[in-house]
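Quick look at model_1.txt (compact mmCIF, N, CA and C atoms and all ligand atoms):
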# COMPACT_ATOMS: atom_id res chain seq x y z
N MET B 1 94.48 122.92 119.33
CA MET B 1 95.46 122.40 118.34
C MET B 1 95.05 122.89 116.94
N PHE B 2 96.02 123.38 116.20
CA PHE B 2 95.76 123.81 114.81
C PHE B 2 96.46 122.85 113.85
N GLN B 3 95.84 122.68 112.71
CA GLN B 3 96.47 121.90 111.64
C GLN B 3 96.42 122.75 110.37
N VAL B 4 97.54 122.80 109.68
CA VAL B 4 97.64 123.54 108.42
C VAL B 4 97.96 122.52 107.32
N PHE B 5 97.24 122.64 106.20
CA PHE B 5 97.41 121.70 105.09
C PHE B 5 97.83 122.47 103.83
N VAL B 6 98.79 121.93 103.13
CA VAL B 6 99.17 122.50 101.84
C VAL B 6 99.28 121.34 100.85
N GLN B 7 98.73 121.53 99.65
CA GLN B 7 98.88 120.46 98.66
C GLN B 7 99.49 120.96 97.37
N ALA B 8 100.09 120.04 96.66
CA ALA B 8 100.73 120.34 95.38
C ALA B 8 100.73 119.05 94.57
N HIS B 9 101.04 119.16 93.29
CA HIS B 9 101.06 117.92 92.49
C HIS B 9 102.27 117.91 91.57
N PHE B 10 102.57 116.72 91.08
CA PHE B 10 103.61 116.57 90.06
C PHE B 10 103.23 115.39 89.17
N ASP B 11 103.82 115.37 87.98
CA ASP B 11 103.55 114.29 87.04
C ASP B 11 104.83 113.46 86.92
N ALA B 12 104.67 112.16 87.04
CA ALA B 12 105.86 111.30 86.93
C ALA B 12 105.45 109.88 86.57
N ALA B 13 106.41 109.20 85.97
CA ALA B 13 106.20 107.80 85.60
C ALA B 13 106.85 106.90 86.64
N HIS B 14 106.37 105.68 86.70
CA HIS B 14 107.02 104.67 87.54
C HIS B 14 106.58 103.28 87.11
N PHE B 15 107.23 102.31 87.70
CA PHE B 15 106.76 100.93 87.61
C PHE B 15 107.12 100.25 88.92
N ILE B 16 106.33 99.24 89.25
CA ILE B 16 106.53 98.57 90.53
C ILE B 16 107.26 97.24 90.26
N ARG B 17 108.53 97.22 90.66
CA ARG B 17 109.33 96.00 90.45
C ARG B 17 108.71 94.83 91.20
N ASN B 18 108.72 93.69 90.56
CA ASN B 18 108.24 92.43 91.15
C ASN B 18 106.73 92.40 91.39
N TYR B 19 105.99 93.34 90.81
CA TYR B 19 104.53 93.38 90.99
C TYR B 19 103.89 92.41 90.00
N ASP B 20 102.92 91.66 90.49
CA ASP B 20 102.25 90.69 89.63
C ASP B 20 101.01 91.36 89.04
N GLY B 21 101.21 92.09 87.93
CA GLY B 21 100.08 92.79 87.31
C GLY B 21 100.57 93.96 86.50
N ASN B 22 99.60 94.76 86.04
CA ASN B 22 99.89 95.87 85.13
C ASN B 22 100.84 96.93 85.69
N CYS B 23 100.83 97.08 87.00
CA CYS B 23 101.66 98.14 87.60
C CYS B 23 103.15 97.85 87.48
N ALA B 24 103.49 96.65 87.05
CA ALA B 24 104.91 96.33 86.79
C ALA B 24 105.37 96.98 85.49
N LYS B 25 104.37 97.40 84.66
CA LYS B 25 104.74 98.05 83.39
C LYS B 25 104.89 99.56 83.62
N LEU B 26 105.72 100.16 82.79
CA LEU B 26 105.92 101.61 82.89
C LEU B 26 104.59 102.34 82.64
N HIS B 27 104.23 103.24 83.57
CA HIS B 27 103.00 104.03 83.43
C HIS B 27 103.16 105.32 84.26
N GLY B 28 102.22 106.24 84.06
CA GLY B 28 102.36 107.53 84.74
C GLY B 28 101.17 107.89 85.59
N HIS B 29 101.40 108.84 86.51
CA HIS B 29 100.32 109.37 87.36
C HIS B 29 100.50 110.88 87.50
N ARG B 30 99.39 111.56 87.77
CA ARG B 30 99.48 112.91 88.34
C ARG B 30 99.42 112.70 89.85
N TRP B 31 100.57 112.78 90.49
CA TRP B 31 100.66 112.52 91.92
C TRP B 31 100.24 113.77 92.68
N ASN B 32 99.43 113.59 93.70
CA ASN B 32 99.05 114.73 94.54
C ASN B 32 99.67 114.54 95.93
N VAL B 33 100.21 115.62 96.46
CA VAL B 33 100.88 115.55 97.77
C VAL B 33 100.19 116.53 98.72
N VAL B 34 99.85 116.05 99.90
CA VAL B 34 99.28 116.92 100.94
C VAL B 34 100.19 116.83 102.16
N VAL B 35 100.51 118.00 102.69
CA VAL B 35 101.38 118.07 103.86
C VAL B 35 100.57 118.65 105.02
N CYS B 36 100.68 118.05 106.19
CA CYS B 36 99.96 118.55 107.37
C CYS B 36 100.97 118.93 108.44
N ILE B 37 100.85 120.16 108.92
CA ILE B 37 101.70 120.65 110.01
C ILE B 37 100.78 121.00 111.18
N GLU B 38 101.16 120.61 112.38
CA GLU B 38 100.27 120.90 113.51
C GLU B 38 101.01 121.50 114.69
N GLY B 39 100.27 122.25 115.46
CA GLY B 39 100.84 122.88 116.65
C GLY B 39 99.78 123.68 117.37
N ARG B 40 100.16 124.17 118.56
CA ARG B 40 99.17 124.88 119.38
C ARG B 40 99.35 126.39 119.34
N GLN B 41 100.56 126.81 118.96
CA GLN B 41 100.90 128.23 119.13
C GLN B 41 100.93 128.99 117.82
N LEU B 42 100.10 130.03 117.71
CA LEU B 42 100.12 130.86 116.50
C LEU B 42 101.11 132.00 116.69
N ASP B 43 101.62 132.52 115.58
CA ASP B 43 102.54 133.67 115.66
C ASP B 43 101.75 134.98 115.76
N HIS B 44 102.45 136.11 115.73
CA HIS B 44 101.81 137.41 115.93
C HIS B 44 100.84 137.75 114.80
N LEU B 45 100.95 137.02 113.66
CA LEU B 45 100.03 137.25 112.53
C LEU B 45 98.81 136.33 112.60
N GLY B 46 98.82 135.44 113.58
CA GLY B 46 97.72 134.47 113.68
C GLY B 46 97.94 133.27 112.79
N MET B 47 99.21 132.98 112.46
CA MET B 47 99.52 131.83 111.60
C MET B 47 100.29 130.78 112.39
N LEU B 48 99.99 129.51 112.11
CA LEU B 48 100.80 128.42 112.65
C LEU B 48 102.12 128.38 111.88
N ILE B 49 101.97 128.42 110.55
CA ILE B 49 103.12 128.52 109.64
C ILE B 49 102.58 129.16 108.37
N ASP B 50 103.35 129.99 107.74
CA ASP B 50 102.91 130.68 106.53
C ASP B 50 102.74 129.66 105.39
N PHE B 51 101.55 129.62 104.77
CA PHE B 51 101.33 128.69 103.65
C PHE B 51 102.45 128.80 102.63
N SER B 52 102.89 130.04 102.36
CA SER B 52 103.87 130.26 101.28
C SER B 52 105.20 129.59 101.60
N GLU B 53 105.56 129.56 102.88
CA GLU B 53 106.81 128.90 103.29
C GLU B 53 106.72 127.39 102.99
N VAL B 54 105.56 126.83 103.29
CA VAL B 54 105.38 125.38 103.07
C VAL B 54 105.33 125.10 101.56
N LYS B 55 104.59 125.95 100.83
CA LYS B 55 104.47 125.76 99.37
C LYS B 55 105.84 125.80 98.70
N GLN B 56 106.65 126.76 99.12
CA GLN B 56 107.98 126.93 98.52
C GLN B 56 108.82 125.67 98.74
N SER B 57 108.75 125.15 99.95
CA SER B 57 109.53 123.97 100.28
C SER B 57 109.03 122.74 99.51
N ILE B 58 107.71 122.58 99.43
CA ILE B 58 107.16 121.43 98.68
C ILE B 58 107.55 121.55 97.20
N ARG B 59 107.37 122.75 96.65
CA ARG B 59 107.66 122.93 95.21
C ARG B 59 109.11 122.57 94.89
N GLU B 60 110.00 122.97 95.79
CA GLU B 60 111.43 122.68 95.59
C GLU B 60 111.67 121.17 95.55
N LYS B 61 111.01 120.45 96.45
CA LYS B 61 111.18 118.98 96.49
C LYS B 61 110.53 118.32 95.28
N LEU B 62 109.34 118.83 94.89
CA LEU B 62 108.61 118.18 93.80
C LEU B 62 109.24 118.46 92.44
N LYS B 63 109.98 119.57 92.35
CA LYS B 63 110.66 119.90 91.09
C LYS B 63 111.62 118.76 90.70
N LEU B 64 112.20 118.13 91.71
CA LEU B 64 113.15 117.03 91.46
C LEU B 64 112.43 115.77 90.95
N LEU B 65 111.13 115.69 91.22
CA LEU B 65 110.36 114.50 90.84
C LEU B 65 109.55 114.71 89.56
N ASP B 66 109.22 115.98 89.27
CA ASP B 66 108.31 116.28 88.17
C ASP B 66 108.88 115.82 86.83
N HIS B 67 108.04 115.15 86.05
CA HIS B 67 108.41 114.63 84.73
C HIS B 67 109.64 113.74 84.78
N SER B 68 109.76 113.00 85.86
CA SER B 68 110.88 112.05 85.96
C SER B 68 110.34 110.62 85.86
N LEU B 69 111.26 109.70 85.73
CA LEU B 69 110.95 108.28 85.95
C LEU B 69 111.42 108.01 87.37
N LEU B 70 110.48 107.83 88.27
CA LEU B 70 110.82 107.76 89.69
C LEU B 70 111.81 106.63 89.99
N ASN B 71 111.71 105.55 89.23
CA ASN B 71 112.63 104.42 89.45
C ASN B 71 114.09 104.80 89.23
N ASP B 72 114.33 105.88 88.46
CA ASP B 72 115.70 106.31 88.18
C ASP B 72 116.32 107.11 89.33
N LEU B 73 115.49 107.57 90.26
CA LEU B 73 116.01 108.41 91.34
C LEU B 73 116.77 107.56 92.36
N ALA B 74 117.78 108.16 92.95
CA ALA B 74 118.64 107.42 93.88
C ALA B 74 117.83 106.73 94.98
N ALA B 75 116.82 107.42 95.50
CA ALA B 75 116.03 106.88 96.62
C ALA B 75 115.30 105.59 96.25
N PHE B 76 115.01 105.41 94.95
CA PHE B 76 114.24 104.24 94.53
C PHE B 76 115.04 103.32 93.63
N GLY B 77 116.33 103.56 93.57
CA GLY B 77 117.19 102.72 92.75
C GLY B 77 117.58 101.43 93.48
N ILE B 78 117.36 101.47 94.79
CA ILE B 78 117.79 100.34 95.62
C ILE B 78 116.76 99.22 95.47
N GLU B 79 117.26 98.01 95.26
CA GLU B 79 116.36 96.86 95.14
C GLU B 79 115.51 96.77 96.42
N GLY B 80 114.23 96.60 96.25
CA GLY B 80 113.36 96.47 97.43
C GLY B 80 112.69 97.77 97.83
N VAL B 81 113.15 98.92 97.28
CA VAL B 81 112.49 100.19 97.59
C VAL B 81 111.80 100.68 96.33
N ASN B 82 110.59 100.25 96.13
CA ASN B 82 109.81 100.65 94.97
C ASN B 82 109.26 102.06 95.14
N PRO B 83 109.06 102.78 94.03
CA PRO B 83 108.45 104.11 94.13
C PRO B 83 106.93 104.00 94.28
N THR B 84 106.50 103.47 95.41
CA THR B 84 105.07 103.39 95.73
C THR B 84 104.64 104.70 96.39
N ALA B 85 103.34 104.87 96.54
CA ALA B 85 102.82 106.04 97.25
C ALA B 85 103.37 106.07 98.68
N GLU B 86 103.47 104.89 99.31
CA GLU B 86 103.98 104.82 100.68
C GLU B 86 105.43 105.32 100.77
N ASN B 87 106.28 104.77 99.88
CA ASN B 87 107.70 105.15 99.94
C ASN B 87 107.92 106.61 99.54
N LEU B 88 107.11 107.09 98.61
CA LEU B 88 107.21 108.51 98.24
C LEU B 88 106.81 109.40 99.41
N ALA B 89 105.75 109.01 100.12
CA ALA B 89 105.28 109.80 101.27
C ALA B 89 106.39 109.85 102.34
N GLN B 90 107.03 108.72 102.57
CA GLN B 90 108.10 108.70 103.58
C GLN B 90 109.30 109.55 103.15
N GLN B 91 109.64 109.41 101.88
CA GLN B 91 110.78 110.15 101.34
C GLN B 91 110.52 111.67 101.44
N LEU B 92 109.32 112.09 101.05
CA LEU B 92 109.00 113.52 101.10
C LEU B 92 108.93 114.01 102.54
N TYR B 93 108.41 113.19 103.43
CA TYR B 93 108.35 113.55 104.85
C TYR B 93 109.77 113.87 105.36
N THR B 94 110.69 112.95 105.06
CA THR B 94 112.08 113.11 105.52
C THR B 94 112.70 114.37 104.96
N GLU B 95 112.49 114.61 103.67
CA GLU B 95 113.09 115.79 103.01
C GLU B 95 112.47 117.09 103.54
N LEU B 96 111.15 117.11 103.70
CA LEU B 96 110.48 118.33 104.16
C LEU B 96 110.84 118.64 105.62
N LYS B 97 111.00 117.61 106.41
CA LYS B 97 111.35 117.80 107.82
C LYS B 97 112.70 118.49 107.96
N LYS B 98 113.62 118.16 107.04
CA LYS B 98 114.95 118.79 107.05
C LYS B 98 114.86 120.27 106.70
N ASP B 99 113.89 120.60 105.87
CA ASP B 99 113.80 121.93 105.24
C ASP B 99 113.03 122.95 106.07
N LEU B 100 111.91 122.51 106.63
CA LEU B 100 111.01 123.45 107.28
C LEU B 100 111.51 123.84 108.67
N VAL B 101 111.27 125.10 109.01
CA VAL B 101 111.59 125.56 110.37
C VAL B 101 110.37 125.23 111.22
N LEU B 102 110.55 124.30 112.15
CA LEU B 102 109.38 123.76 112.84
C LEU B 102 109.40 124.06 114.35
N THR B 103 109.73 125.31 114.67
CA THR B 103 109.70 125.71 116.07
C THR B 103 108.25 125.76 116.52
N ASN B 104 107.95 125.16 117.64
CA ASN B 104 106.58 125.14 118.21
C ASN B 104 105.55 124.44 117.33
N LYS B 105 105.98 123.61 116.40
CA LYS B 105 105.05 122.86 115.56
C LYS B 105 105.74 121.62 115.03
N ARG B 106 104.97 120.73 114.47
CA ARG B 106 105.58 119.50 113.93
C ARG B 106 104.97 119.15 112.59
N LEU B 107 105.78 118.48 111.79
CA LEU B 107 105.28 117.93 110.54
C LEU B 107 104.49 116.68 110.95
N ALA B 108 103.16 116.74 110.81
CA ALA B 108 102.32 115.65 111.32
C ALA B 108 102.34 114.46 110.36
N TRP B 109 102.11 114.72 109.09
CA TRP B 109 102.12 113.64 108.10
C TRP B 109 102.22 114.19 106.69
N VAL B 110 102.59 113.30 105.79
CA VAL B 110 102.60 113.62 104.35
C VAL B 110 101.76 112.56 103.64
N GLN B 111 100.84 113.03 102.82
CA GLN B 111 99.97 112.13 102.05
C GLN B 111 100.36 112.19 100.57
N VAL B 112 100.41 111.04 99.94
CA VAL B 112 100.67 110.99 98.50
C VAL B 112 99.55 110.21 97.83
N ASN B 113 98.87 110.87 96.90
CA ASN B 113 97.81 110.22 96.11
C ASN B 113 98.35 109.82 94.76
N GLU B 114 98.06 108.58 94.37
CA GLU B 114 98.34 108.14 93.00
C GLU B 114 97.19 108.52 92.09
N SER B 115 96.00 108.63 92.71
CA SER B 115 94.79 109.01 91.99
C SER B 115 93.86 109.61 93.04
N PRO B 116 92.73 110.18 92.63
CA PRO B 116 91.80 110.70 93.65
C PRO B 116 91.27 109.60 94.57
N ASP B 117 91.37 108.34 94.15
CA ASP B 117 90.77 107.24 94.91
C ASP B 117 91.74 106.46 95.78
N ALA B 118 93.04 106.69 95.61
CA ALA B 118 94.00 105.83 96.32
C ALA B 118 95.20 106.65 96.78
N TRP B 119 95.52 106.51 98.07
CA TRP B 119 96.64 107.28 98.62
C TRP B 119 97.25 106.58 99.81
N ALA B 120 98.43 107.09 100.20
CA ALA B 120 99.13 106.59 101.39
C ALA B 120 99.57 107.80 102.21
N ILE B 121 99.67 107.57 103.51
CA ILE B 121 100.12 108.63 104.42
C ILE B 121 101.32 108.10 105.20
N PHE B 122 102.36 108.94 105.33
CA PHE B 122 103.45 108.60 106.24
C PHE B 122 103.42 109.56 107.41
N LYS B 123 103.49 109.00 108.62
CA LYS B 123 103.67 109.81 109.83
C LYS B 123 104.58 109.05 110.77
N GLU B 124 105.21 109.77 111.67
CA GLU B 124 106.09 109.10 112.62
C GLU B 124 105.26 108.48 113.73
N ASP B 125 105.78 107.36 114.30
CA ASP B 125 105.06 106.67 115.40
C ASP B 125 104.88 107.59 116.59
N1 LIG G 1 99.60 100.22 98.53
C1 LIG G 1 99.85 100.49 97.24
N2 LIG G 1 99.28 99.76 96.27
C2 LIG G 1 99.54 100.04 94.99
C3 LIG G 1 100.39 101.10 94.64
C4 LIG G 1 101.00 101.86 95.68
O1 LIG G 1 101.76 102.81 95.46
N3 LIG G 1 100.69 101.53 96.95
N4 LIG G 1 100.61 101.36 93.34
C5 LIG G 1 100.04 100.69 92.38
C6 LIG G 1 100.28 101.08 90.94
O2 LIG G 1 101.18 102.14 90.86
C7 LIG G 1 99.04 101.41 90.08
O3 LIG G 1 99.36 102.38 89.10
C8 LIG G 1 97.88 101.94 90.79
O4 LIG G 1 96.97 100.92 90.83
P1 LIG G 1 95.40 101.12 90.91
O5 LIG G 1 95.03 102.06 91.98
O6 LIG G 1 94.88 99.77 90.99
O7 LIG G 1 95.08 101.90 89.57
P2 LIG G 1 94.35 101.43 88.27
O8 LIG G 1 94.11 102.69 87.52
O9 LIG G 1 95.14 100.39 87.57
O10 LIG G 1 93.05 100.77 88.82
P3 LIG G 1 91.53 101.03 88.52
O11 LIG G 1 90.93 99.71 88.81
O12 LIG G 1 91.42 101.45 87.10
O13 LIG G 1 91.08 102.08 89.49
C9 LIG G 1 99.20 99.51 92.65
N5 LIG G 1 98.98 99.30 94.04
ZN ZN G 2 101.31 103.45 89.37
As structure tokens, how would this structure be written, given the file I've shared?
Ligand SMILES: Nc1nc2c(c(=O)[nH]1)N=C([C@H](O)[C@H](O)COP(=O)(O)OP(=O)(O)OP(=O)(O)O)CN2
Ligand SMILES: [Zn+2]
Amino acid sequence: MFQVFVQAHFDAAHFIRNYDGNCAKLHGHRWNVVVCIEGRQLDHLGMLIDFSEVKQSIREKLKLLDHSLLNDLAAFGIEGVNPTAENLAQQLYTELKKDLVLTNKRLAWVQVNESPDAWAIFKED
């Protein structure tokens, strides 16, 4: 089994609605995103998936988030769906899965770090 990892980052502000503490106030993070793709079969070049294909897809998705107020985005405008690391990881997983050509491989998980010390991972059951 092979696993390929690609990471990228974006800067964005957010606040956590109904949070009892400082995170309810507007603040920003340099968010780091790691994507893991796994599979058993390499192509004729010896690649599971070309890093550049994954990078391009992540960059396209993160461009929509970069320097934004995440709470303003449609995905997080709904009451009860806060722009947490968990919800961002799930949202990016869903978007990347639509985009990537995943023949003979699967999107294993997406990790979103709020800081080097704290992160969430979304993967399917
Ligand atoms: N499970 C989650 N918990 C928290 C999230 C989250 O997305 N998922 N988010 C926050 C806040 O956004 C906050 O900005 C981060 O909090 P924290 O890691 O505590 O960061 P601090 O810099 O405030 O804490 P230090 O003590 O200075 O490390 C909260 N929780
Ligand atoms: Zn925060």
Which is closer to ligand ZN 2 (chain G) than all the others in B:Asp66, B:Glu114, B:Glu38, B:Asp11, using only C-alpha atoms and all ligand atoms?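 Of all the options, B:Glu114 lies closest to ligand ZN 2 (chain G).
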Which of chain B counts as alpha helix (DSSP H) under DSSP, as a PyMOL selection string please? chain B and resi 51-63+85-99
May I have the centre and edge lengths, in Å to one decimal, of an axis-aligned box around the listed atoms of stretch 108-118 of chain B with 3 Å added to every side, as AutoDock Vina command-line options?
--center_x 97.0 --center_y 111.3 --center_z 101.7 --size_x 18.4 --size_y 16.9 --size_z 25.3
List as a list in words the protein and nucleic acid residues lying within 8 Å of ligand ZN 2 (chain G), with only C-alpha atoms and all ligand atoms counted. Ala13, His14, Phe15, Ile16, Cys23, His27, Gly28, His29, Thr84 and Glu114 of chain B
Write out the residues from the selection above, keeping N, CA and C atoms, as a short mmCIF file (atom, residue, chain, number, x, y, z; two decimals), in the coordinates of the input.
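After the write, again.cif holds the following:
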data_model
loop_
_atom_site.label_atom_id
_atom_site.label_comp_id
_atom_site.auth_asym_id
_atom_site.auth_seq_id
_atom_site.Cartn_x
_atom_site.Cartn_y
_atom_site.Cartn_z
N ALA B 13 106.41 109.20 85.97
CA ALA B 13 106.20 107.80 85.60
C ALA B 13 106.85 106.90 86.64
N HIS B 14 106.37 105.68 86.70
CA HIS B 14 107.02 104.67 87.54
C HIS B 14 106.58 103.28 87.11
N PHE B 15 107.23 102.31 87.70
CA PHE B 15 106.76 100.93 87.61
C PHE B 15 107.12 100.25 88.92
N ILE B 16 106.33 99.24 89.25
CA ILE B 16 106.53 98.57 90.53
C ILE B 16 107.26 97.24 90.26
N CYS B 23 100.83 97.08 87.00
CA CYS B 23 101.66 98.14 87.60
C CYS B 23 103.15 97.85 87.48
N HIS B 27 104.23 103.24 83.57
CA HIS B 27 103.00 104.03 83.43
C HIS B 27 103.16 105.32 84.26
N GLY B 28 102.22 106.24 84.06
CA GLY B 28 102.36 107.53 84.74
C GLY B 28 101.17 107.89 85.59
N HIS B 29 101.40 108.84 86.51
CA HIS B 29 100.32 109.37 87.36
C HIS B 29 100.50 110.88 87.50
N THR B 84 106.50 103.47 95.41
CA THR B 84 105.07 103.39 95.73
C THR B 84 104.64 104.70 96.39
N GLU B 114 98.06 108.58 94.37
CA GLU B 114 98.34 108.14 93.00
C GLU B 114 97.19 108.52 92.09
#
Separation of atom N of B:Phe76 and atom CA of B:Lys105, in Å? 28.8 Å
Between atom C of B:Leu96 and atom C of B:Arg17, what distance in Å does the model show, to one decimal?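 Between these atoms lies a distance of 27.9 Å.
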To one decimal place in Å, what is the distance between atom O8 of ligand LIG 1 (chain G) and atom CA of B:Lys55? 27.9 Å
May I ask which of the residues B:Leu64, B:Leu73, B:Ala24, B:Val4 is the closest one to B:Leu48, counting all atoms listed in the file?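 Closest to B:Leu48 of all the choices is B:Val4.
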Would you mind writing down, as a ChimeraX atom specification, each residue of chain B that DSSP on the backbone assigns to strand (DSSP E or B)? /B:2-14,27-39,68-69,106-115,118-122
Would you save the residues from that selection as a compact mmCIF listing (two decimals), keeping the file's coordinate frame, using N, CA and C atoms?
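Generated output (part_27.txt):
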# COMPACT_ATOMS: atom_id res chain seq x y z
N PHE B 2 96.02 123.38 116.20
CA PHE B 2 95.76 123.81 114.81
C PHE B 2 96.46 122.85 113.85
N GLN B 3 95.84 122.68 112.71
CA GLN B 3 96.47 121.90 111.64
C GLN B 3 96.42 122.75 110.37
N VAL B 4 97.54 122.80 109.68
CA VAL B 4 97.64 123.54 108.42
C VAL B 4 97.96 122.52 107.32
N PHE B 5 97.24 122.64 106.20
CA PHE B 5 97.41 121.70 105.09
C PHE B 5 97.83 122.47 103.83
N VAL B 6 98.79 121.93 103.13
CA VAL B 6 99.17 122.50 101.84
C VAL B 6 99.28 121.34 100.85
N GLN B 7 98.73 121.53 99.65
CA GLN B 7 98.88 120.46 98.66
C GLN B 7 99.49 120.96 97.37
N ALA B 8 100.09 120.04 96.66
CA ALA B 8 100.73 120.34 95.38
C ALA B 8 100.73 119.05 94.57
N HIS B 9 101.04 119.16 93.29
CA HIS B 9 101.06 117.92 92.49
C HIS B 9 102.27 117.91 91.57
N PHE B 10 102.57 116.72 91.08
CA PHE B 10 103.61 116.57 90.06
C PHE B 10 103.23 115.39 89.17
N ASP B 11 103.82 115.37 87.98
CA ASP B 11 103.55 114.29 87.04
C ASP B 11 104.83 113.46 86.92
N ALA B 12 104.67 112.16 87.04
CA ALA B 12 105.86 111.30 86.93
C ALA B 12 105.45 109.88 86.57
N ALA B 13 106.41 109.20 85.97
CA ALA B 13 106.20 107.80 85.60
C ALA B 13 106.85 106.90 86.64
N HIS B 14 106.37 105.68 86.70
CA HIS B 14 107.02 104.67 87.54
C HIS B 14 106.58 103.28 87.11
N HIS B 27 104.23 103.24 83.57
CA HIS B 27 103.00 104.03 83.43
C HIS B 27 103.16 105.32 84.26
N GLY B 28 102.22 106.24 84.06
CA GLY B 28 102.36 107.53 84.74
C GLY B 28 101.17 107.89 85.59
N HIS B 29 101.40 108.84 86.51
CA HIS B 29 100.32 109.37 87.36
C HIS B 29 100.50 110.88 87.50
N ARG B 30 99.39 111.56 87.77
CA ARG B 30 99.48 112.91 88.34
C ARG B 30 99.42 112.70 89.85
N TRP B 31 100.57 112.78 90.49
CA TRP B 31 100.66 112.52 91.92
C TRP B 31 100.24 113.77 92.68
N ASN B 32 99.43 113.59 93.70
CA ASN B 32 99.05 114.73 94.54
C ASN B 32 99.67 114.54 95.93
N VAL B 33 100.21 115.62 96.46
CA VAL B 33 100.88 115.55 97.77
C VAL B 33 100.19 116.53 98.72
N VAL B 34 99.85 116.05 99.90
CA VAL B 34 99.28 116.92 100.94
C VAL B 34 100.19 116.83 102.16
N VAL B 35 100.51 118.00 102.69
CA VAL B 35 101.38 118.07 103.86
C VAL B 35 100.57 118.65 105.02
N CYS B 36 100.68 118.05 106.19
CA CYS B 36 99.96 118.55 107.37
C CYS B 36 100.97 118.93 108.44
N ILE B 37 100.85 120.16 108.92
CA ILE B 37 101.70 120.65 110.01
C ILE B 37 100.78 121.00 111.18
N GLU B 38 101.16 120.61 112.38
CA GLU B 38 100.27 120.90 113.51
C GLU B 38 101.01 121.50 114.69
N GLY B 39 100.27 122.25 115.46
CA GLY B 39 100.84 122.88 116.65
C GLY B 39 99.78 123.68 117.37
N SER B 68 109.76 113.00 85.86
CA SER B 68 110.88 112.05 85.96
C SER B 68 110.34 110.62 85.86
N LEU B 69 111.26 109.70 85.73
CA LEU B 69 110.95 108.28 85.95
C LEU B 69 111.42 108.01 87.37
N ARG B 106 104.97 120.73 114.47
CA ARG B 106 105.58 119.50 113.93
C ARG B 106 104.97 119.15 112.59
N LEU B 107 105.78 118.48 111.79
CA LEU B 107 105.28 117.93 110.54
C LEU B 107 104.49 116.68 110.95
N ALA B 108 103.16 116.74 110.81
CA ALA B 108 102.32 115.65 111.32
C ALA B 108 102.34 114.46 110.36
N TRP B 109 102.11 114.72 109.09
CA TRP B 109 102.12 113.64 108.10
C TRP B 109 102.22 114.19 106.69
N VAL B 110 102.59 113.30 105.79
CA VAL B 110 102.60 113.62 104.35
C VAL B 110 101.76 112.56 103.64
N GLN B 111 100.84 113.03 102.82
CA GLN B 111 99.97 112.13 102.05
C GLN B 111 100.36 112.19 100.57
N VAL B 112 100.41 111.04 99.94
CA VAL B 112 100.67 110.99 98.50
C VAL B 112 99.55 110.21 97.83
N ASN B 113 98.87 110.87 96.90
CA ASN B 113 97.81 110.22 96.11
C ASN B 113 98.35 109.82 94.76
N GLU B 114 98.06 108.58 94.37
CA GLU B 114 98.34 108.14 93.00
C GLU B 114 97.19 108.52 92.09
N SER B 115 96.00 108.63 92.71
CA SER B 115 94.79 109.01 91.99
C SER B 115 93.86 109.61 93.04
N ALA B 118 93.04 106.69 95.61
CA ALA B 118 94.00 105.83 96.32
C ALA B 118 95.20 106.65 96.78
N TRP B 119 95.52 106.51 98.07
CA TRP B 119 96.64 107.28 98.62
C TRP B 119 97.25 106.58 99.81
N ALA B 120 98.43 107.09 100.20
CA ALA B 120 99.13 106.59 101.39
C ALA B 120 99.57 107.80 102.21
N ILE B 121 99.67 107.57 103.51
CA ILE B 121 100.12 108.63 104.42
C ILE B 121 101.32 108.10 105.20
N PHE B 122 102.36 108.94 105.33
CA PHE B 122 103.45 108.60 106.24
C PHE B 122 103.42 109.56 107.41
